[in-house]
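Comments concern the structure below.
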Amino acid sequence: MQEKFPELGLVKEDCTEMPWIESVLFFCRFPRNTSLDVLTSRVPLVRSNFKGKSDYATEPIPEHGLKGIWKFLDEEAENRAELQFSPYGGRLNDYSESEIPFPHRG
């Protein structure tokens with residue numbers, strides 16, 4: 001993180017590196033080291049409600065904008081709001097707005 005994003009001031013203890021499939025467990029709020037077998041279970045595990053909204057930034061978010069987002073999320077801590085950045089490898093600009101960005105979903 002220091003190499004690629006030194007401006008974030010992150011240290012190793014701020015981050016958790018894991019394979020993608022383990023991140024599925026993490027975002028479903030399973031404890032660390034939960035077996036991946038829970039993903040194949042047909043028994044519904046109601047863990048929490050989730051409402052999502054996605055959008056795409058067409059321009060970089062300025063630093064003051066990010067600070068405002070973090071301030072808002074800190075104020076809403078009891079609501080457990082979370083923000084996920086999905087850069088898609090920076091490839092979305094390779095597609096025109098009229099193209100299907102995920103053609104395999106066709």
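Naming works like this for the structure tokens: A, B, ... for the chains as they're shown, residue 1 at the start of each chain, ligands 1 onward in shown order.
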field: Selection near Phe85 in chain A, 12 Å with only C-alpha atoms, sequence-local residues under 6 positions removed, as a list in words
entry: Ser54, Asp55, Tyr56, Ala57, Ile61 and Leu66 of chain A
- Find the residues around range 62-65 of chain A up to 12 Å (only C-alpha atoms counted), leave out those fewer than 5 positions away in its own chain, and share them as number ranges by chain. A: 7-8, 57, 70-72
Could you pull out all residues of chain A with a DSSP call of alpha helix (DSSP H) and give them as a PyMOL selection string? chain A and resi 20-27+63-75
Selection: 9 Å around range 14-30 of chain A, only C-alpha atoms, excl. self and same-chain fewer than 3 positions, as a PDB file with N, CA and C atoms, in the first residue's frame:
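Result file is part03.pdb:
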```
ATOM      1  N   MET A   1       0.830  -1.188   0.000  1.00  0.00           N
ATOM      2  CA  MET A   1       0.000   0.000   0.000  1.00  0.00           C
ATOM      3  C   MET A   1       0.875   1.253   0.000  1.00  0.00           C
ATOM      4  N   LEU A  10      -1.650   4.352   4.946  1.00  0.00           N
ATOM      5  CA  LEU A  10      -2.014   3.066   5.546  1.00  0.00           C
ATOM      6  C   LEU A  10      -0.775   2.295   5.970  1.00  0.00           C
ATOM      7  N   VAL A  11      -0.940   1.510   7.006  1.00  0.00           N
ATOM      8  CA  VAL A  11       0.101   0.580   7.420  1.00  0.00           C
ATOM      9  C   VAL A  11      -0.464  -0.832   7.280  1.00  0.00           C
ATOM     10  N   ASN A  33     -11.556 -17.502   9.269  1.00  0.00           N
ATOM     11  CA  ASN A  33     -11.286 -18.947   9.247  1.00  0.00           C
ATOM     12  C   ASN A  33     -12.544 -19.799   9.177  1.00  0.00           C
ATOM     13  N   THR A  34     -13.694 -19.206   8.812  1.00  0.00           N
ATOM     14  CA  THR A  34     -14.896 -20.004   8.568  1.00  0.00           C
ATOM     15  C   THR A  34     -14.654 -20.844   7.322  1.00  0.00           C
ATOM     16  N   SER A  35     -15.083 -22.089   7.349  1.00  0.00           N
ATOM     17  CA  SER A  35     -14.906 -22.984   6.209  1.00  0.00           C
ATOM     18  C   SER A  35     -15.700 -22.480   5.004  1.00  0.00           C
ATOM     19  N   LEU A  36     -15.115 -22.625   3.833  1.00  0.00           N
ATOM     20  CA  LEU A  36     -15.807 -22.238   2.601  1.00  0.00           C
ATOM     21  C   LEU A  36     -17.035 -23.099   2.346  1.00  0.00           C
ATOM     22  N   VAL A  38     -19.615 -23.337   4.005  1.00  0.00           N
ATOM     23  CA  VAL A  38     -20.873 -22.637   4.302  1.00  0.00           C
ATOM     24  C   VAL A  38     -21.474 -22.037   3.033  1.00  0.00           C
ATOM     25  N   LEU A  39     -20.643 -21.802   2.020  1.00  0.00           N
ATOM     26  CA  LEU A  39     -21.143 -21.227   0.769  1.00  0.00           C
ATOM     27  C   LEU A  39     -21.931 -22.238  -0.057  1.00  0.00           C
ATOM     28  N   ARG A  47     -28.355 -13.389   8.059  1.00  0.00           N
ATOM     29  CA  ARG A  47     -27.358 -12.756   8.910  1.00  0.00           C
ATOM     30  C   ARG A  47     -27.668 -11.278   9.114  1.00  0.00           C
ATOM     31  N   SER A  48     -28.130 -10.610   8.088  1.00  0.00           N
ATOM     32  CA  SER A  48     -28.467  -9.194   8.206  1.00  0.00           C
ATOM     33  C   SER A  48     -29.165  -8.758   6.926  1.00  0.00           C
TER      34      SER A  48
END
```
inquiry  = Between CA of Ile69 in chain A and CA of Leu83 in chain A, what is the distance in Å, rounded to a tenth?
reply    =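 Computing the Euclidean distance for CA of Ile69 in chain A and CA of Leu83 in chain A yields 9.0 Å.
CA of Phe50 in chain A is positioned 22.2 Å from CA of Asp37 in chain A.
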A straight line from CA of Glu97 in chain A to CA of Glu82 in chain A spans 27.4 Å
Among A:Gln2, A:Thr58, A:Asn49, A:Ser41, Asn93 in chain A is approached most closely, using only C-alpha atoms, by A:Thr58
